[in-house]
Amino acid sequence: STGGVEAIRQVLARLPRDCPPVVIAQHMPKGFTTRFAERLDELLDLKVVEATDRQPLEPGTAYIAPGDFHLRVERTSGQLKARVTQDEQTSGHRPSVDVLFSSVAKVVGPMAVGAILTGMGRDGARGLKLMREAGGYTIGQSRDSALIYGMPKVAFEEGAVIEEAPIEAVAGKLVAALMRIRRAA
């Protein structure tokens, strides 16, 4: 949401090129997400694309939800794929972070990590809590580093966040959690 474009760039810039697939719901209208994904792809080592329906989710790639579409993660034939739909708005949004996080909780469960970044409102808090309850590692952007401490605040207050961190530390904490998950698997 508000401030999310820069926050997303900062997190993605600190992720390793071989990281697991990254899925992102950014509150943006139709027509803006294509250029957003292209610009990030130009700036970063990580590959960044606008998600398409039933697209396999590959390591080293970040998938941006298209404006005015929900992005979900599904598993078909043993492979994680993007599911892009235009269902009703959730939490007043399409794409909705709640929709994305809820699907990750259901499909990826304890193997997932998630972060909620700067923004207004409460979208994402419910889905992030489902991720935490499914055993995933969850993080919220700290008050001091968030342009708008709305979405991370609600997630923290509702018990969805395991840990808060400044934006420059979010990627490192996500990677460290992924390494713990990998060692335990």
# chains A, B, ... in the order shown; residues from 1 in each chain; ligands from 1
$ select_by_dssp --residues "stretch 3-185 of chain A" --states "helix (DSSP H, G or I)" --output "MDAnalysis selection string"
chainID A and resid 4:13 33:43 97:107 109:111 125:133 151:157 167:184
$ residues_around --residues "A:Thr61" --least-positions-apart "6" --cutoff "12 Å" --atoms "only C-alpha atoms" --output "PyMOL selection string"
chain A and resi 12+15-24+37+40-41+44-51+55
$ atom_distance --atom1 "atom CA of A:His70" --atom2 "atom CA of A:His27"
10.4 Å
$ residues_around --residues "A:Asp98" --least-positions-apart "4" --cutoff "8 Å" --atoms "only C-alpha atoms" --output "ChimeraX atom specification"
/A:90-91,102,123-128
$ select_by_dssp --residues "chain A" --states "strand (DSSP E or B)" --output "PyMOL selection string"
chain A and resi 22-24+47-50+56+61-64+70-76+79-85+90+93+113-116+119+137-141+149+163-165
